[in-house]
Each structure stands twice: as structure tokens, then as C-alpha cells.
$ cat final-v8.csv   # CSV, C-alpha atoms and all ligand atoms
chain,number,residue,atom,x,y,z
A,236,MET,CA,-159.3,-82.4,134.7
A,237,LEU,CA,-161.2,-80.7,131.9
A,238,ILE,CA,-162.5,-77.2,133.0
A,239,ASP,CA,-164.1,-74.6,130.9
A,240,SER,CA,-163.6,-70.8,131.1
A,241,HIS,CA,-166.7,-70.5,133.4
A,242,ASN,CA,-165.0,-72.8,135.9
A,243,ARG,CA,-167.3,-75.8,135.2
A,244,ILE,CA,-165.7,-79.2,135.6
A,245,ILE,CA,-166.5,-81.4,132.6
A,246,ASP,CA,-166.8,-85.0,133.8
A,247,TYR,CA,-169.6,-86.4,131.6
A,248,VAL,CA,-169.7,-87.3,127.9
A,249,ARG,CA,-172.8,-88.4,126.0
A,250,ILE,CA,-172.2,-90.4,122.8
A,251,ALA,CA,-174.8,-90.9,120.2
A,252,ILE,CA,-173.6,-94.1,118.5
A,253,THR,CA,-176.1,-94.1,115.7
A,254,ASP,CA,-178.6,-91.8,114.1
A,255,LYS,CA,-180.9,-94.7,113.0
A,256,CYS,CA,-184.1,-95.4,114.9
A,257,ASN,CA,-187.0,-97.9,114.6
A,258,LEU,CA,-189.5,-95.3,115.9
A,259,ARG,CA,-190.3,-92.0,114.3
A,260,CYS,CA,-191.3,-89.8,117.3
A,261,PHE,CA,-192.7,-86.7,115.6
A,262,TYR,CA,-190.8,-84.3,117.8
A,263,CYS,CA,-187.5,-85.9,116.9
A,264,MET,CA,-187.7,-87.1,113.3
A,265,PRO,CA,-189.8,-86.5,110.2
A,266,GLU,CA,-191.9,-89.4,109.1
A,267,LYS,CA,-190.1,-89.9,105.7
A,268,GLY,CA,-187.2,-88.6,103.7
A,269,ILE,CA,-184.5,-89.1,106.3
A,270,SER,CA,-181.0,-89.8,105.0
A,271,PHE,CA,-179.1,-91.8,107.6
A,272,VAL,CA,-175.3,-91.7,107.9
A,273,LYS,CA,-173.3,-94.3,106.0
A,274,LYS,CA,-171.5,-96.8,108.0
A,275,GLN,CA,-168.0,-95.5,107.1
A,276,SER,CA,-168.9,-92.1,108.2
A,277,LEU,CA,-169.9,-93.3,111.7
A,278,LEU,CA,-167.3,-93.1,114.5
A,279,SER,CA,-166.2,-96.7,114.8
A,280,TYR,CA,-166.4,-98.6,118.1
A,281,GLU,CA,-162.6,-98.6,118.2
A,282,GLU,CA,-162.5,-94.9,117.7
A,283,MET,CA,-165.1,-94.4,120.4
A,284,LEU,CA,-163.2,-96.7,122.8
A,285,ARG,CA,-160.0,-94.8,122.2
A,286,LEU,CA,-161.8,-91.5,122.8
A,287,VAL,CA,-163.5,-92.6,126.0
A,288,ALA,CA,-160.2,-94.0,127.4
A,289,LEU,CA,-158.5,-90.7,126.7
A,290,LEU,CA,-161.4,-88.7,128.3
A,291,ALA,CA,-161.5,-91.1,131.3
A,292,ASP,CA,-157.7,-90.4,131.8
A,293,ASN,CA,-158.6,-86.7,131.9
A,294,GLY,CA,-161.4,-86.6,134.4
A,295,ILE,CA,-164.5,-87.8,132.5
A,296,HIS,CA,-166.1,-90.4,134.8
A,297,LYS,CA,-169.5,-90.9,133.3
A,298,VAL,CA,-170.6,-91.8,129.8
A,299,ARG,CA,-174.1,-92.0,128.4
A,300,ILE,CA,-174.8,-94.0,125.3
A,301,THR,CA,-177.7,-92.8,123.2
A,302,GLY,CA,-178.7,-92.3,119.6
A,303,GLY,CA,-180.9,-92.7,117.5
A,304,GLU,CA,-181.7,-96.0,119.1
A,305,PRO,CA,-178.4,-97.5,120.4
A,306,PHE,CA,-179.7,-101.1,120.4
A,307,LEU,CA,-180.0,-100.9,116.7
A,308,ARG,CA,-176.3,-100.6,116.1
A,309,LYS,CA,-174.7,-104.0,115.3
A,310,ASP,CA,-172.5,-105.5,118.0
A,311,PHE,CA,-173.6,-103.0,120.6
A,312,ILE,CA,-173.1,-105.4,123.4
A,313,TYR,CA,-169.5,-106.1,122.3
A,314,PHE,CA,-168.9,-102.3,122.4
A,315,LEU,CA,-170.4,-102.1,125.9
A,316,ARG,CA,-168.3,-105.0,127.1
A,317,GLU,CA,-165.1,-103.2,125.9
A,318,LEU,CA,-166.4,-99.9,127.3
A,319,SER,CA,-166.9,-101.4,130.7
A,320,LYS,CA,-163.2,-102.3,130.9
A,321,ILE,CA,-162.0,-98.7,130.6
A,322,LYS,CA,-160.2,-97.7,133.8
A,323,GLY,CA,-161.4,-94.5,135.4
A,324,LEU,CA,-164.9,-94.7,134.0
A,325,LYS,CA,-167.3,-94.9,137.0
A,326,LYS,CA,-170.6,-95.0,135.3
A,327,ILE,CA,-172.1,-96.1,132.0
A,328,ALA,CA,-175.7,-95.2,131.4
A,329,ILE,CA,-178.0,-95.8,128.4
A,330,THR,CA,-180.9,-93.8,127.0
A,331,THR,CA,-183.2,-96.1,125.0
A,332,ASN,CA,-186.7,-96.3,123.5
A,333,GLY,CA,-187.0,-99.8,125.1
A,334,THR,CA,-188.2,-101.6,122.0
A,335,LEU,CA,-185.2,-103.9,121.8
A,336,THR,CA,-183.7,-103.5,125.2
A,337,GLU,CA,-185.3,-106.1,127.4
A,338,ALA,CA,-183.6,-109.1,126.0
A,339,TYR,CA,-180.2,-107.7,127.0
A,340,LEU,CA,-180.9,-106.6,130.5
A,341,ASP,CA,-179.2,-109.5,132.3
A,342,GLU,CA,-176.1,-109.2,130.2
A,343,LEU,CA,-176.0,-105.4,130.8
A,344,ILE,CA,-176.4,-106.0,134.6
A,345,SER,CA,-173.5,-108.4,134.5
A,346,LEU,CA,-171.4,-105.6,132.9
A,347,GLY,CA,-172.3,-103.3,135.7
A,348,ILE,CA,-174.6,-101.2,133.5
A,349,THR,CA,-177.7,-100.5,135.6
A,350,SER,CA,-178.7,-96.9,134.8
A,351,PHE,CA,-181.3,-96.4,132.2
A,352,ASN,CA,-183.4,-93.6,130.8
A,353,LEU,CA,-186.4,-95.1,129.1
A,354,SER,CA,-188.3,-92.9,126.8
A,355,ILE,CA,-192.0,-93.3,127.0
A,356,ASP,CA,-194.1,-90.3,126.1
A,357,SER,CA,-197.5,-91.9,126.8
A,358,ILE,CA,-198.8,-94.8,128.8
A,359,ASP,CA,-201.8,-95.0,126.6
A,360,PRO,CA,-201.1,-97.3,123.6
A,361,THR,CA,-203.1,-95.3,121.1
A,362,ARG,CA,-201.4,-92.0,122.0
A,363,PHE,CA,-198.0,-93.7,122.1
A,364,LYS,CA,-198.6,-94.9,118.5
A,365,GLU,CA,-199.7,-91.5,117.4
A,366,ILE,CA,-196.6,-89.9,118.9
A,367,THR,CA,-194.0,-92.5,117.8
A,368,ARG,CA,-195.7,-93.4,114.5
A,369,ARG,CA,-195.0,-97.0,115.3
A,370,ASP,CA,-197.0,-99.8,117.1
A,371,ALA,CA,-194.5,-100.6,119.8
A,372,PHE,CA,-196.1,-99.8,123.1
A,373,ASP,CA,-196.3,-103.4,124.3
A,374,LYS,CA,-192.6,-103.9,123.9
A,375,VAL,CA,-191.7,-100.7,125.7
A,376,TRP,CA,-194.1,-101.4,128.5
A,377,SER,CA,-192.8,-104.9,128.9
A,378,CYS,CA,-189.3,-103.4,129.1
A,379,TYR,CA,-190.4,-100.9,131.7
A,380,LYS,CA,-191.8,-103.7,133.9
A,381,ALA,CA,-188.7,-105.9,133.5
A,382,MET,CA,-186.5,-102.9,134.5
A,383,LEU,CA,-188.6,-102.4,137.6
A,384,ASN,CA,-188.4,-106.1,138.5
A,385,LYS,CA,-184.7,-106.0,138.2
A,386,ASN,CA,-184.5,-103.0,140.4
A,387,LEU,CA,-182.5,-100.9,138.0
A,388,ASP,CA,-181.7,-97.2,138.4
A,389,LEU,CA,-184.5,-96.1,136.1
A,390,LYS,CA,-185.8,-92.8,134.8
A,391,LEU,CA,-188.6,-92.4,132.4
A,392,ASN,CA,-188.4,-89.6,129.9
A,393,ALA,CA,-191.5,-88.0,128.5
A,394,VAL,CA,-191.5,-85.0,126.2
A,395,VAL,CA,-194.5,-82.8,127.0
A,396,MET,CA,-196.5,-81.9,123.9
A,397,ASP,CA,-199.6,-79.7,123.7
A,398,GLY,CA,-202.5,-81.7,122.3
A,399,ARG,CA,-200.6,-85.0,122.4
A,400,ASN,CA,-199.9,-86.3,125.8
A,401,ILE,CA,-201.1,-83.8,128.4
A,402,ASP,CA,-203.7,-86.4,129.6
A,403,ASP,CA,-200.7,-88.6,130.5
A,404,LEU,CA,-199.0,-86.3,132.9
A,405,ILE,CA,-201.1,-87.2,136.0
A,406,PRO,CA,-201.2,-91.0,135.3
A,407,MET,CA,-197.5,-90.9,134.7
A,408,VAL,CA,-196.8,-89.2,138.0
A,409,GLY,CA,-199.1,-91.8,139.5
A,410,LEU,CA,-196.6,-94.5,138.4
A,411,GLY,CA,-194.4,-93.4,141.3
A,412,LYS,CA,-197.1,-94.1,143.9
A,413,ASP,CA,-196.0,-97.7,144.5
A,414,GLN,CA,-192.8,-97.9,142.4
A,415,ASN,CA,-189.5,-96.3,143.0
A,416,VAL,CA,-189.3,-94.7,139.6
A,417,SER,CA,-188.5,-91.2,138.5
A,418,ILE,CA,-190.5,-89.7,135.7
A,419,ARG,CA,-189.0,-86.7,134.0
A,420,PHE,CA,-191.1,-84.4,131.9
A,421,ILE,CA,-189.0,-82.7,129.2
A,422,GLU,CA,-189.9,-79.3,127.5
A,423,GLU,CA,-190.2,-79.9,123.8
A,424,MET,CA,-187.3,-78.5,121.8
A,425,PRO,CA,-187.1,-77.7,118.1
A,426,PHE,CA,-184.7,-80.5,117.3
A,427,ASN,CA,-187.1,-82.4,115.1
A,428,GLY,CA,-185.3,-82.7,111.7
A,429,SER,CA,-187.9,-80.6,110.0
A,430,ASP,CA,-187.5,-77.1,108.5
A,431,ASN,CA,-191.2,-76.3,108.7
A,432,TYR,CA,-192.2,-77.2,112.3
A,433,THR,CA,-191.0,-75.1,115.2
A,434,PRO,CA,-193.0,-76.0,118.3
A,435,GLU,CA,-194.4,-73.2,120.3
A,436,LEU,CA,-193.5,-73.9,123.9
A,437,LYS,CA,-197.0,-74.0,125.4
A,438,TRP,CA,-195.9,-76.3,128.2
A,439,ASN,CA,-192.9,-74.8,129.9
A,440,TYR,CA,-191.8,-76.2,133.3
A,441,ILE,CA,-193.9,-73.7,135.3
A,442,LYS,CA,-197.1,-74.8,133.4
A,443,ILE,CA,-196.2,-78.5,133.8
A,444,LEU,CA,-195.6,-78.0,137.5
A,445,ASP,CA,-198.9,-76.0,137.9
A,446,HIS,CA,-200.8,-78.8,136.1
A,447,ILE,CA,-199.3,-81.5,138.4
A,448,SER,CA,-199.8,-79.5,141.5
A,449,SER,CA,-203.4,-78.8,140.8
A,450,HIS,CA,-204.0,-82.6,140.9
A,451,TYR,CA,-201.4,-83.4,143.6
A,452,PRO,CA,-201.4,-80.3,146.0
A,453,GLU,CA,-199.0,-82.1,148.4
A,454,ILE,CA,-195.8,-81.9,146.6
A,455,GLU,CA,-192.4,-81.7,148.2
A,456,LYS,CA,-189.4,-80.2,146.4
A,457,LEU,CA,-186.4,-82.6,146.5
A,458,GLN,CA,-182.8,-81.7,146.7
A,459,ASP,CA,-181.6,-81.9,143.1
A,460,PRO,CA,-178.5,-84.0,142.5
A,461,LYS,CA,-175.3,-82.0,141.6
A,462,ASN,CA,-175.4,-81.1,137.8
A,463,SER,CA,-179.0,-82.3,137.6
A,464,THR,CA,-180.9,-81.0,134.5
A,465,SER,CA,-184.2,-81.7,136.2
A,466,LEU,CA,-186.1,-79.9,139.0
A,467,ASN,CA,-187.2,-82.8,141.2
A,468,TYR,CA,-190.3,-83.3,143.3
A,469,ARG,CA,-192.1,-86.0,145.2
A,470,VAL,CA,-195.8,-86.3,145.9
A,471,ASN,CA,-196.2,-86.9,149.6
A,472,GLY,CA,-196.4,-90.6,150.4
A,473,PHE,CA,-195.1,-91.7,147.0
A,474,LYS,CA,-192.2,-94.1,146.6
A,475,GLY,CA,-191.1,-92.6,143.3
A,476,SER,CA,-190.5,-89.0,142.2
A,477,PHE,CA,-191.0,-86.8,139.2
A,478,GLY,CA,-188.8,-84.2,137.6
A,479,ILE,CA,-189.2,-81.4,135.0
A,480,ILE,CA,-186.4,-80.7,132.6
A,481,PRO,CA,-186.5,-77.1,131.4
A,482,ALA,CA,-184.7,-78.1,128.2
A,483,TYR,CA,-185.9,-75.2,126.1
A,484,THR,CA,-186.0,-72.6,128.9
A,485,ARG,CA,-182.5,-73.6,129.7
A,486,SER,CA,-182.2,-72.6,133.3
A,487,PHE,CA,-179.7,-75.4,134.2
A,488,CYS,CA,-176.8,-74.3,132.0
A,489,GLY,CA,-174.8,-72.7,134.9
A,490,SER,CA,-173.9,-76.1,136.3
A,491,CYS,CA,-173.4,-77.9,133.0
A,492,ASN,CA,-170.8,-80.7,133.2
A,493,ARG,CA,-171.1,-82.4,129.8
A,494,ILE,CA,-170.0,-82.6,126.3
A,495,ARG,CA,-171.6,-84.6,123.4
A,496,ILE,CA,-170.3,-86.6,120.5
A,497,THR,CA,-172.5,-87.1,117.5
A,498,PRO,CA,-172.6,-90.4,115.5
A,499,THR,CA,-170.2,-88.9,112.9
A,500,GLY,CA,-167.8,-87.8,115.6
A,501,LEU,CA,-168.6,-84.1,115.9
A,502,LEU,CA,-167.8,-82.7,119.3
A,503,LYS,CA,-170.5,-80.5,120.7
A,504,THR,CA,-169.9,-78.6,123.9
A,505,CYS,CA,-173.6,-77.6,124.1
A,506,LEU,CA,-176.8,-79.2,122.8
A,507,TYR,CA,-177.6,-76.0,121.1
A,508,ASP,CA,-174.3,-75.4,119.3
A,509,ASP,CA,-173.6,-76.7,115.8
A,510,GLY,CA,-170.5,-78.6,116.6
A,511,VAL,CA,-166.9,-77.5,117.4
A,512,PHE,CA,-164.7,-80.0,115.5
A,513,ASN,CA,-164.8,-83.5,114.2
A,514,ILE,CA,-162.9,-86.0,116.3
A,515,ARG,CA,-163.3,-88.8,113.7
A,516,ASP,CA,-161.5,-86.7,111.1
A,517,LEU,CA,-158.7,-85.8,113.5
A,518,MET,CA,-158.3,-89.5,114.4
A,519,ARG,CA,-158.3,-90.6,110.8
A,520,ALA,CA,-155.7,-87.9,110.0
A,521,ASP,CA,-153.4,-89.8,112.5
A,522,ALA,CA,-153.6,-87.4,115.3
A,523,ASN,CA,-151.9,-88.7,118.4
A,524,ASP,CA,-153.5,-88.7,121.9
A,525,ASN,CA,-151.8,-85.4,122.8
A,526,GLN,CA,-153.1,-83.7,119.7
A,527,LEU,CA,-156.6,-85.0,120.4
A,528,LEU,CA,-156.6,-83.9,124.0
A,529,GLU,CA,-155.4,-80.5,123.0
A,530,ALA,CA,-158.2,-80.0,120.6
A,531,ILE,CA,-160.7,-81.2,123.2
A,532,GLN,CA,-159.3,-79.0,125.9
A,533,ASN,CA,-159.5,-76.0,123.5
A,534,ALA,CA,-163.1,-76.8,122.6
A,535,ILE,CA,-164.0,-77.0,126.3
A,536,GLN,CA,-162.2,-73.8,127.0
A,537,HIS,CA,-164.6,-72.0,124.6
A,538,LYS,CA,-167.7,-73.8,125.8
A,539,ALA,CA,-170.6,-71.2,125.6
A,540,LYS,CA,-171.9,-69.8,128.9
A,541,ASP,CA,-175.3,-71.2,128.2
A,542,GLY,CA,-177.6,-72.6,125.5
A,543,PHE,CA,-178.7,-69.2,124.4
A,544,GLU,CA,-175.1,-68.1,123.7
A,545,ALA,CA,-174.4,-71.4,121.9
A,546,GLU,CA,-177.5,-71.0,119.8
A,547,LYS,CA,-176.6,-67.4,118.9
A,548,ASN,CA,-173.1,-68.5,117.8
A,549,ARG,CA,-174.3,-71.2,115.4
A,550,LYS,CA,-172.8,-70.6,112.0
A,551,LEU,CA,-172.6,-73.9,110.1
A,552,MET,CA,-176.1,-75.3,110.4
A,553,GLY,CA,-178.4,-72.3,110.7
A,554,PRO,CA,-181.3,-72.2,113.1
A,555,VAL,CA,-181.8,-75.2,115.5
A,556,GLY,CA,-183.8,-77.8,113.7
A,557,GLU,CA,-181.6,-80.9,113.2
A,558,SER,CA,-183.1,-84.2,114.4
A,559,MET,CA,-182.3,-85.1,118.0
A,560,ALA,CA,-181.4,-88.5,116.7
A,561,THR,CA,-178.3,-86.9,115.2
A,562,ILE,CA,-177.3,-85.4,118.5
A,563,GLY,CA,-178.5,-87.9,121.2
A,564,GLY,CA,-180.7,-85.7,123.4
B,601,LIG,N1,-183.8,-93.4,121.0
B,601,LIG,C1,-183.5,-93.2,122.3
B,601,LIG,C2,-184.7,-92.7,123.1
B,601,LIG,O1,-185.7,-92.3,122.5
B,601,LIG,O2,-184.6,-92.8,124.4
B,601,LIG,C3,-182.3,-92.3,122.6
B,601,LIG,C4,-182.2,-91.1,121.7
B,601,LIG,S1,-183.4,-89.9,121.9
B,601,LIG,C5,-182.9,-88.7,120.8
B,601,LIG,C6,-183.0,-89.2,123.5
B,601,LIG,C7,-184.0,-88.4,124.2
B,601,LIG,O3,-184.2,-87.2,123.5
B,601,LIG,C8,-185.4,-89.1,124.3
B,601,LIG,O4,-185.8,-89.1,125.7
B,601,LIG,C9,-186.3,-88.1,123.6
B,601,LIG,O5,-187.6,-88.1,124.1
B,601,LIG,C10,-185.5,-86.8,123.6
B,601,LIG,N2,-185.9,-85.9,122.5
B,601,LIG,C11,-185.8,-86.2,121.2
B,601,LIG,N3,-186.3,-85.1,120.5
B,601,LIG,C12,-186.6,-84.1,121.4
B,601,LIG,C13,-187.2,-82.8,121.3
B,601,LIG,N4,-187.4,-82.3,120.1
B,601,LIG,N5,-187.4,-82.1,122.4
B,601,LIG,C14,-187.2,-82.7,123.6
B,601,LIG,N6,-186.6,-83.9,123.8
B,601,LIG,C15,-186.4,-84.7,122.7
B,602,LIG,FE1,-186.1,-92.6,117.9
B,602,LIG,FE2,-185.5,-91.8,120.4
B,602,LIG,FE3,-185.9,-90.1,118.3
B,602,LIG,FE4,-188.0,-91.4,119.2
B,602,LIG,S1,-186.7,-89.9,120.4
B,602,LIG,S2,-187.4,-91.1,117.1
B,602,LIG,S3,-187.1,-93.3,119.8
B,602,LIG,S4,-184.2,-91.5,118.5

$ encode --input "final-v8.csv" --output "C-alpha cells"
Amino acid sequence: MLIDSHNRIIDYVRIAITDKCNLRCFYCMPEKGISFVKKQSLLSYEEMLRLVALLADNGIHKVRITGGEPFLRKDFIYFLRELSKIKGLKKIAITTNGTLTEAYLDELISLGITSFNLSIDSIDPTRFKEITRRDAFDKVWSCYKAMLNKNLDLKLNAVVMDGRNIDDLIPMVGLGKDQNVSIRFIEEMPFNGSDNYTPELKWNYIKILDHISSHYPEIEKLQDPKNSTSLNYRVNGFKGSFGIIPAYTRSFCGSCNRIRITPTGLLKTCLYDDGVFNIRDLMRADANDNQLLEAIQNAIQHKAKDGFEAEKNRKLMGPVGESMATIGG
């Protein structure tokens, strides 16, 4: 088992398999001038499979594949097929923007992959286009409908942005009236790949909840699942639920159970740190599994107490500002 010095059991890894994306959500990436990682610098599928097998042998039961947009990486389904064979892994989940996903749903289900976070910041096509800088709403909406029809374990992610999608909050909660879907509103974080834009957090979780409660006064607080990053609620009589993720306020760190691997193989023990060591480099220097495990255990031992401590300890990259597509969210 992997345990940190704050007695937190680490049983969840999030792997960003690419930094490339076919959208340009303004809170995540600049519109132009992005230099993507070269193929040889990416952690290869074989390296990722070796890593996940090692982690699964040591108590990591859940993996989330994210990016960038994971469906953009060549042979992604091959990778998932191999991943699904790893013993000890109980759950594979995917975070996707839904632009390319729908065509693969049946195959994913046949692999036992049924948990999806679908990012959709607006259900208004015009606002969606303004936020993502691409005209892809119809594909994402169609993917959402297909996921509902196939009864998948589905969560919708929406970053809450002042002046951008506030008018969406109430209609998005309304999606849960007849559908068993969970909509999660995420506080905007400064991971936007831009030196000159630091969002002011006008919509923290309290303001988001106040806004929703003023429209739906009859809200019940749900029991949050263990290690949940969202505070979860249900409007009385609704099939679905909604959650708020205090990603910037960082009130959930005490029960954190996760580590992250970036597309280039950097291990992060916190979203807000600037990386602990590079797994790809260690593997390519012929480290054996024991050496890899020792390095991972050591990193986990030193996992920061919370995101504020991790942010304070950043040395390599300076202030938080890298694109979320290089971390995975
Ligand atoms: N491309 C996929 C997608 O959009 O779902 C996966 C990668 S994306 C980086 C993962 C999640 O991070 C998305 O739900 C996205 O909304 C969220 N995200 C990206 N930048 C963010 C930011 N600056 N603040 C809060 N959430 C952010
Ligand atoms: Fe792409 Fe996801 Fe970032 Fe949007 S949030 S630009 S879809 S990686």
C-alpha cells in the first residue's frame, strides 16, 4: 500500500496521456503559440502500462485517463485494451471533451470502461463556442445524449467563469430533473498556460451554491463519497444531482488519495506542485521495478499536506500558470 506522511492512502492515479487538444478552452490553453510535446518525449503506452501494473501491485486500484484530449492520441483504444487487462486495477475512468468519443462508446463498454467525466461548460451553443474557441457543441451534445442512453456512469464538468457561463448554472442543474446525471461545477484555477491572465475567483463554491439555492431553495446535501473532491447536492424530486468542486479554495486536500502523471512522465503528488521526479527518465535509464517503486514511495512520503503547501514549495516552474492540458486536471 502507498501511504503518505499524513496517513493518506494513495489508491488513485490520473494519467494525462497527451497535451494536445482539438479545443482551446480559454481557461485551459492560450489560443495560439502553444508548443506541444514531441512524440519521443511522451511517456509511451508501454511505459504507462508498466507503470500502472507496478502501481496496481502496490495498492493503486483506480486510474483516470485524461489529457489534453485523450481520444486524440493515436491507438488510444489499443492502450485501453491493454490497460483493462492489468490485474488489481478495479476501475478505469476517462475525462474527455466529448468531441471524438461517441464512436468508441460500445467498444469502451465492452472493455468494462463505463465511467466518464464529460466536460461541457455551457449548454448554449454560442457560449460553448466562445469558451472553447471551436464550433463543436453539436458533437459534444450528441456524445452526452449517447452516454445517457447507454446508462453510463456520467459526470458533467463545467468550470464556472464570471461573465461567461453563469447563465448556464441553473439550466445545467435542470438537466438532472429527469436524467440520472451528476453536474459538477468547478472553481476556475489559474492553470491556463498564460503568463498574463490570472482569474480572480469571483465564483467560489459558496457563491455558486448561493446562486443555485436562490433558484432551487429545496436542496438536500448528499453524503459525499469517500475521497470526493465535490460537495454534492440534490434538488428535491430530481433524479440527478449536482456537485461543486472547490478546486481553487482547496478544502478537500485532507482526504486526497491521488497522484498524477503528466504526458512527459513527470510525477505530481499534488495538482499545485511543479513535479517531483520524471518516471520516463528513470525508466529510460533502465531502472528496475524496485528502483521505480522506491522513487514513487519516496515522492508519496513527501506529498504536501495540501495544495497551498504544494504551491508554496514550487521551485522549478514559478507561479502556477501552466496549461491544465499539460497536467490533466
Ligand atoms: N480534454 C479533456 C476535457 O476537457 O475533459 C480532459 C483534460 S481537461 C484538462 C480536464 C478537466 O480540467 C476539464 O474538465 C476541464 O474543464 C478542467 N480544467 C481545465 N483547465 C481548468 C482551469 N483553469 N480551472 C479549472 N478546471 C480546469
Ligand atoms: Fe482541451 Fe480539455 Fe483543455 Fe478544453 S479543458 S482545451 S477540452 S484539454

$ residues_near_ligand --input "final-v8.csv" --ligand "ligand LIG 601 (chain B)" --cutoff "7 Å" --atoms "only C-alpha atoms and all ligand atoms" --output "PyMOL selection string"
chain A and resi 256+262-263+301-305+330-332+352-354+392-394+421-427+482+558-560+562-564

$ write_last_selection --input "final-v8.csv" --atoms "C-alpha atoms" --output "PDB file, in the coordinates of the input"
ATOM      1  CA  CYS A 256    -184.100 -95.400 114.900  1.00  0.00           C
ATOM      2  CA  TYR A 262    -190.800 -84.300 117.800  1.00  0.00           C
ATOM      3  CA  CYS A 263    -187.500 -85.900 116.900  1.00  0.00           C
ATOM      4  CA  THR A 301    -177.700 -92.800 123.200  1.00  0.00           C
ATOM      5  CA  GLY A 302    -178.700 -92.300 119.600  1.00  0.00           C
ATOM      6  CA  GLY A 303    -180.900 -92.700 117.500  1.00  0.00           C
ATOM      7  CA  GLU A 304    -181.700 -96.000 119.100  1.00  0.00           C
ATOM      8  CA  PRO A 305    -178.400 -97.500 120.400  1.00  0.00           C
ATOM      9  CA  THR A 330    -180.900 -93.800 127.000  1.00  0.00           C
ATOM     10  CA  THR A 331    -183.200 -96.100 125.000  1.00  0.00           C
ATOM     11  CA  ASN A 332    -186.700 -96.300 123.500  1.00  0.00           C
ATOM     12  CA  ASN A 352    -183.400 -93.600 130.800  1.00  0.00           C
ATOM     13  CA  LEU A 353    -186.400 -95.100 129.100  1.00  0.00           C
ATOM     14  CA  SER A 354    -188.300 -92.900 126.800  1.00  0.00           C
ATOM     15  CA  ASN A 392    -188.400 -89.600 129.900  1.00  0.00           C
ATOM     16  CA  ALA A 393    -191.500 -88.000 128.500  1.00  0.00           C
ATOM     17  CA  VAL A 394    -191.500 -85.000 126.200  1.00  0.00           C
ATOM     18  CA  ILE A 421    -189.000 -82.700 129.200  1.00  0.00           C
ATOM     19  CA  GLU A 422    -189.900 -79.300 127.500  1.00  0.00           C
ATOM     20  CA  GLU A 423    -190.200 -79.900 123.800  1.00  0.00           C
ATOM     21  CA  MET A 424    -187.300 -78.500 121.800  1.00  0.00           C
ATOM     22  CA  PRO A 425    -187.100 -77.700 118.100  1.00  0.00           C
ATOM     23  CA  PHE A 426    -184.700 -80.500 117.300  1.00  0.00           C
ATOM     24  CA  ASN A 427    -187.100 -82.400 115.100  1.00  0.00           C
ATOM     25  CA  ALA A 482    -184.700 -78.100 128.200  1.00  0.00           C
ATOM     26  CA  SER A 558    -183.100 -84.200 114.400  1.00  0.00           C
ATOM     27  CA  MET A 559    -182.300 -85.100 118.000  1.00  0.00           C
ATOM     28  CA  ALA A 560    -181.400 -88.500 116.700  1.00  0.00           C
ATOM     29  CA  ILE A 562    -177.300 -85.400 118.500  1.00  0.00           C
ATOM     30  CA  GLY A 563    -178.500 -87.900 121.200  1.00  0.00           C
ATOM     31  CA  GLY A 564    -180.700 -85.700 123.400  1.00  0.00           C
TER      32      GLY A 564
END

$ closest_residue --input "final-v8.csv" --among "A:Asp246, A:Asp413, A:Glu365, A:Glu337" --to "ligand LIG 602 (chain B)" --atoms "all atoms listed in the file"
A:Glu365

$ residues_near_point --input "final-v8.csv" --point "(-195.3, -84.3, 117.2)" --cutoff "8 Å" --atoms "all atoms listed in the file" --output "ChimeraX atom specification"
/A:260-263,366,396,399

$ closest_residue --input "final-v8.csv" --among "A:Gly398, A:Gly347, A:Gly333, A:Gly294" --to "A:Ala371" --atoms "all atoms listed in the file"
A:Gly333

$ closest_residue --input "final-v8.csv" --among "A:Leu324, A:Ala338, A:Ile329, A:Leu444" --to "ligand LIG 602 (chain B)" --atoms "only C-alpha atoms and all ligand atoms"
A:Ile329

$ atom_distance --input "final-v8.csv" --atom1 "atom CA of A:Pro460" --atom2 "atom CA of A:Asp508"
25.1 Å

$ residues_near_point --input "final-v8.csv" --point "(-196.5, -81.9, 131.1)" --cutoff "10 Å" --atoms "only C-alpha atoms" --output "list in words"
Ala393, Val394, Val395, Met396, Asp397, Asn400, Ile401, Asp402, Asp403, Leu404, Ile405, Met407, Arg419, Phe420, Ile421, Glu422, Glu423, Lys437, Trp438, Asn439, Tyr440, Ile441, Lys442, Ile443, Leu444, Asp445, His446, Ile447 and Ile479 of chain A

$ atom_distance --input "final-v8.csv" --atom1 "atom CA of A:Phe477" --atom2 "atom CA of A:Gly411"
7.7 Å

$ build_atoms --input "final-v8.csv" --residues "stretch 448-459 of chain A" --atoms "N, CA and C atoms" --output "PDB file, in the coordinates of the input"
ATOM      1  N   SER A 448    -199.407 -79.889 140.178  1.00  0.00           N
ATOM      2  CA  SER A 448    -199.800 -79.500 141.500  1.00  0.00           C
ATOM      3  C   SER A 448    -201.287 -79.303 141.711  1.00  0.00           C
ATOM      4  N   SER A 449    -201.976 -78.980 140.596  1.00  0.00           N
ATOM      5  CA  SER A 449    -203.400 -78.800 140.800  1.00  0.00           C
ATOM      6  C   SER A 449    -204.080 -80.163 141.051  1.00  0.00           C
ATOM      7  N   HIS A 450    -203.425 -81.239 140.611  1.00  0.00           N
ATOM      8  CA  HIS A 450    -204.000 -82.600 140.900  1.00  0.00           C
ATOM      9  C   HIS A 450    -203.412 -83.125 142.224  1.00  0.00           C
ATOM     10  N   TYR A 451    -202.125 -82.868 142.428  1.00  0.00           N
ATOM     11  CA  TYR A 451    -201.400 -83.400 143.600  1.00  0.00           C
ATOM     12  C   TYR A 451    -200.942 -82.147 144.434  1.00  0.00           C
ATOM     13  N   PRO A 452    -201.799 -81.522 145.257  1.00  0.00           N
ATOM     14  CA  PRO A 452    -201.400 -80.300 146.000  1.00  0.00           C
ATOM     15  C   PRO A 452    -200.194 -80.561 146.926  1.00  0.00           C
ATOM     16  N   GLU A 453    -200.056 -81.805 147.388  1.00  0.00           N
ATOM     17  CA  GLU A 453    -199.000 -82.100 148.400  1.00  0.00           C
ATOM     18  C   GLU A 453    -197.753 -82.556 147.774  1.00  0.00           C
ATOM     19  N   ILE A 454    -197.026 -81.598 147.238  1.00  0.00           N
ATOM     20  CA  ILE A 454    -195.800 -81.900 146.600  1.00  0.00           C
ATOM     21  C   ILE A 454    -194.621 -81.355 147.330  1.00  0.00           C
ATOM     22  N   GLU A 455    -193.569 -82.175 147.467  1.00  0.00           N
ATOM     23  CA  GLU A 455    -192.400 -81.700 148.200  1.00  0.00           C
ATOM     24  C   GLU A 455    -191.256 -81.513 147.169  1.00  0.00           C
ATOM     25  N   LYS A 456    -190.520 -80.376 147.254  1.00  0.00           N
ATOM     26  CA  LYS A 456    -189.400 -80.200 146.400  1.00  0.00           C
ATOM     27  C   LYS A 456    -188.211 -81.004 146.932  1.00  0.00           C
ATOM     28  N   LEU A 457    -187.579 -81.794 146.079  1.00  0.00           N
ATOM     29  CA  LEU A 457    -186.400 -82.600 146.500  1.00  0.00           C
ATOM     30  C   LEU A 457    -185.149 -81.847 146.260  1.00  0.00           C
ATOM     31  N   GLN A 458    -184.122 -82.216 146.982  1.00  0.00           N
ATOM     32  CA  GLN A 458    -182.800 -81.700 146.700  1.00  0.00           C
ATOM     33  C   GLN A 458    -182.332 -82.240 145.376  1.00  0.00           C
ATOM     34  N   ASP A 459    -182.014 -81.364 144.408  1.00  0.00           N
ATOM     35  CA  ASP A 459    -181.600 -81.900 143.100  1.00  0.00           C
ATOM     36  C   ASP A 459    -180.150 -82.358 143.177  1.00  0.00           C
TER      37      ASP A 459
END
